[in-house]
Amino acid sequence: MKRLVILAAFAMLVGPAVAHHGWGSYDAAHPITVTGPILTSKFENPHATLTVRGSDKVWTVTLAPTSRMTSRGALAAVVAVGKTVSAYGYPSTAEKDEMRAERIIVDGKTYEMR
Amino acid sequence: MEHQAPALFVALEGSGLAAAIRQSLFLYPLANVGHIVALVCFAGAIAVMDLRLVGAFAATVPALVIARARRVVIAALCVLAVTGFMLFAAEASHVVLNPVFQLKMALVAVGLVNVAIYEWGAQGAVYALPAGAAMPRRARIAGFISLGLWLAVAACGRSIAYF
């Protein structure tokens with residue numbers, strides 16, 4: 001019984017580590033830059049998200065927690081609908097047409113998201 | 001995936017409370033930090049209880065050690081439930097479909113059933129024991145199960161974000 005429980009607990013701890021994603025579910029080997037007008041903007045936790053009309057398609061751009069964005073000056077008004085954003089980051093390997101931004105440029109100013 | 005979630009969870013995510021949690025700069029991080037701090041308190045106190053049940057700290061009177069740790073466990077569990085609900089509500093329609101979240105909730109349910117079985121079937125006998133007495137078999141089993149389950153619950157909790 002004891003051995004079984006310890007084994008089961010170990011399996012539970014190790015299993016998730018093997019399937020770990022995080023930034024790992026984004027393809028850092030193939031960074032992209034999505035530039036275009038912001039169509040929708042959600043300045044919300046756990047991550048702010050935009051939809052941006054890129055040159056090829058509409059991308060969902062995942063940004064950072066709102067408190068971090070605020071402390072770096074990337075306020076809701078900066079990533080508002082209608083602004084033009086250039087987002088450098090990595091395409092998702094899990095979600096279609098989604099990318100996570102390493103940094104964004106709005107009105108010539110660069111904001112780090114990580 | 002959102003359309004697959006039961007209406008209850010879509011409604012929860014769409015509620016004013018959930019929107020307030022998402023839109024506030026501090027509520028979501030506060031719930032996140034509160035959840036992990038409560039988890040640390042919970043884990044520490046439940047380890048004391050469970051280790052005593054499986055026979056550690058044999059020189060102590062079981063009832064004294066367990067009853068005190070139990071109060072901390074209950075308080076921490078209340079904070080975990082409130083902060084966990086806040087984190088869940090903010091993204092309910094996605095999280096409810098997350099397989100690791102579902103596993104975590106199932107393990108929590110099993111953990112609470114384990115608590116109920118122990119408290120109904122073994123706690124009386126354990127509380128009557130003097131220092132140094134051998135623990136009844138059912139108390140040791142409950143302690144082992146509890147240790148394994150809550151560690152697994154913690155591992156699942158941290159893993160939700162990666163599935």
# chains A, B, ... in the order shown; residues from 1 in each chain; ligands from 1
call {"tool": "closest_atom_pairs", "arguments": {"of": "chain B", "to": "chain A", "cutoff": "9 Å", "atoms": "only C-alpha atoms", "output": "Markdown table"}}
result
| residue | atom | partner | partner_atom | distance |
| --- | --- | --- | --- | --- |
| B:Ala19 | CA | A:Glu44 | CA | 8.5 |
| B:Ile21 | CA | A:Asn45 | CA | 7.6 |
| B:Arg22 | CA | A:Asn45 | CA | 4.6 |
| B:Gln23 | CA | A:Glu44 | CA | 4.8 |
| B:Ser24 | CA | A:Glu44 | CA | 7.5 |
| B:Leu25 | CA | A:Ser67 | CA | 5.2 |
| B:Phe26 | CA | A:Ser67 | CA | 7.0 |
| B:Leu27 | CA | A:Asn45 | CA | 9.0 |
| B:Tyr28 | CA | A:Asn45 | CA | 6.5 |
| B:Pro29 | CA | A:Pro46 | CA | 8.1 |
| B:Leu87 | CA | A:Pro46 | CA | 9.0 |
| B:Ala90 | CA | A:Asn45 | CA | 8.1 |
| B:Glu91 | CA | A:Pro46 | CA | 8.7 |
| B:Ile141 | CA | A:Met1 | CA | 7.7 |
| B:Phe144 | CA | A:Lys2 | CA | 6.4 |
| B:Ile145 | CA | A:Val5 | CA | 6.4 |
| B:Leu147 | CA | A:Val5 | CA | 8.5 |
| B:Gly148 | CA | A:Ala9 | CA | 5.1 |
| B:Leu149 | CA | A:Ala9 | CA | 7.0 |
| B:Trp150 | CA | A:Ala9 | CA | 8.9 |
| B:Leu151 | CA | A:Ala9 | CA | 6.7 |
| B:Ala152 | CA | A:Met12 | CA | 5.6 |
| B:Val153 | CA | A:Met12 | CA | 8.7 |
| B:Ala154 | CA | A:Leu13 | CA | 8.9 |
| B:Ala155 | CA | A:Leu13 | CA | 5.7 |
| B:Cys156 | CA | A:Pro16 | CA | 7.6 |
| B:Arg158 | CA | A:Pro16 | CA | 8.9 |
| B:Ser159 | CA | A:Pro16 | CA | 6.1 |
| B:Ala161 | CA | A:Gly22 | CA | 7.1 |
| B:Tyr162 | CA | A:His21 | CA | 4.9 |
| B:Phe163 | CA | A:His21 | CA | 7.3 |
call {"tool": "residues_around", "arguments": {"residues": "range 109-117 of chain B", "least_positions_apart": "3", "cutoff": "8 Å", "atoms": "only C-alpha atoms", "output": "CSV table (one decimal) with C-alpha atoms, in the first residue's frame"}}
result
chain,number,residue,atom,x,y,z
B,105,MET,CA,-10.9,18.2,-8.8
B,106,ALA,CA,-11.3,14.4,-8.9
B,120,TRP,CA,-15.8,8.8,11.0
B,121,GLY,CA,-13.9,5.6,11.3
B,122,ALA,CA,-10.5,6.2,12.9
B,142,ALA,CA,-5.5,7.2,5.7
B,145,ILE,CA,-3.3,8.1,1.1
B,146,SER,CA,-3.6,11.7,2.2
B,149,LEU,CA,-3.2,12.6,-2.8
B,150,TRP,CA,-2.4,16.2,-1.7
call {"tool": "atom_distance", "arguments": {"atom1": "CA of Ala59 in chain B", "atom2": "CA of Pro130 in chain B"}}
result
9.1 Å
call {"tool": "select_by_dssp", "arguments": {"residues": "range 28-89 of chain A", "states": "alpha helix (DSSP H)", "output": "VMD selection string"}}
result
chain A and resid 66 to 71
call {"tool": "write_last_selection", "arguments": {"atoms": "C-alpha atoms", "output": "mmCIF file, in the first residue's frame"}}
result
data_model
loop_
_atom_site.group_PDB
_atom_site.id
_atom_site.type_symbol
_atom_site.label_atom_id
_atom_site.label_comp_id
_atom_site.auth_asym_id
_atom_site.auth_seq_id
_atom_site.Cartn_x
_atom_site.Cartn_y
_atom_site.Cartn_z
ATOM 1 C CA THR A 66 -1.945 43.601 -16.849
ATOM 2 C CA SER A 67 0.004 44.642 -13.743
ATOM 3 C CA ARG A 68 3.323 43.987 -15.524
ATOM 4 C CA MET A 69 2.152 45.814 -18.641
ATOM 5 C CA THR A 70 1.037 48.775 -16.547
ATOM 6 C CA SER A 71 4.354 48.957 -14.712
#
call {"tool": "atom_distance", "arguments": {"atom1": "CA of Ala76 in chain B", "atom2": "CA of Val40 in chain B"}}
result
8.7 Å
call {"tool": "residues_around", "arguments": {"residues": "range 26-38 of chain A", "least_positions_apart": "5", "cutoff": "6 Å", "atoms": "only C-alpha atoms", "output": "JSON, numbers by chain"}}
result
{"A": [51, 52, 53, 54, 81, 82, 83, 84, 85, 86, 87, 88, 89, 90, 91, 92, 93]}
call {"tool": "write_last_selection", "arguments": {"atoms": "C-alpha atoms", "output": "mmCIF file, in the first residue's frame"}}
result
data_model
loop_
_atom_site.group_PDB
_atom_site.id
_atom_site.type_symbol
_atom_site.label_atom_id
_atom_site.label_comp_id
_atom_site.auth_asym_id
_atom_site.auth_seq_id
_atom_site.Cartn_x
_atom_site.Cartn_y
_atom_site.Cartn_z
ATOM 1 C CA THR A 51 -6.430 40.489 -32.239
ATOM 2 C CA VAL A 52 -4.321 42.094 -34.939
ATOM 3 C CA ARG A 53 -4.922 42.169 -38.685
ATOM 4 C CA GLY A 54 -1.532 41.054 -39.946
ATOM 5 C CA VAL A 81 -8.425 49.225 -30.724
ATOM 6 C CA GLY A 82 -7.365 51.158 -33.820
ATOM 7 C CA LYS A 83 -3.710 51.560 -32.836
ATOM 8 C CA THR A 84 -1.103 49.967 -35.044
ATOM 9 C CA VAL A 85 1.065 47.445 -33.252
ATOM 10 C CA SER A 86 4.147 45.513 -34.261
ATOM 11 C CA ALA A 87 4.440 42.371 -32.161
ATOM 12 C CA TYR A 88 7.619 40.297 -32.202
ATOM 13 C CA GLY A 89 7.144 36.812 -30.780
ATOM 14 C CA TYR A 90 6.534 33.166 -31.372
ATOM 15 C CA PRO A 91 3.657 31.302 -33.013
ATOM 16 C CA SER A 92 1.740 28.842 -30.847
ATOM 17 C CA THR A 93 2.184 25.169 -31.537
#
call {"tool": "atom_distance", "arguments": {"atom1": "CA of Leu53 in chain B", "atom2": "CA of Val37 in chain B"}}
result
24.5 Å
call {"tool": "closest_residue", "arguments": {"among": "A:Leu50, A:Ala64, A:Leu39, A:Val58", "to": "Glu112 in chain A", "atoms": "only C-alpha atoms"}}
result
A:Ala64
call {"tool": "residues_around", "arguments": {"residues": "Phe57 in chain B", "least_positions_apart": "5", "cutoff": "10 Å", "atoms": "only C-alpha atoms", "output": "VMD selection string"}}
result
chain B and resid 48 51 to 52 62 65 131 to 132
call {"tool": "write_last_selection", "arguments": {"atoms": "N, CA and C atoms", "output": "short mmCIF file (atom, residue, chain, number, x, y, z; two decimals), in the first residue's frame"}}
result
data_model
loop_
_atom_site.label_atom_id
_atom_site.label_comp_id
_atom_site.auth_asym_id
_atom_site.auth_seq_id
_atom_site.Cartn_x
_atom_site.Cartn_y
_atom_site.Cartn_z
N VAL B 48 2.26 17.37 8.91
CA VAL B 48 2.36 17.07 10.34
C VAL B 48 1.30 16.03 10.73
N LEU B 51 1.99 12.57 8.86
CA LEU B 51 3.18 11.88 9.38
C LEU B 51 2.89 11.31 10.77
N ARG B 52 2.13 12.06 11.58
CA ARG B 52 1.76 11.53 12.90
C ARG B 52 0.89 10.29 12.73
N PRO B 62 -0.93 11.80 20.13
CA PRO B 62 -1.52 12.03 18.79
C PRO B 62 -2.59 13.12 18.78
N VAL B 65 -1.16 16.81 18.78
CA VAL B 65 -0.51 17.20 17.52
C VAL B 65 -1.53 17.34 16.39
N ALA B 131 0.82 8.81 24.13
CA ALA B 131 2.08 8.94 23.41
C ALA B 131 2.76 7.57 23.32
N GLY B 132 3.39 7.32 22.16
CA GLY B 132 4.17 6.10 22.01
C GLY B 132 3.38 4.89 21.56
#
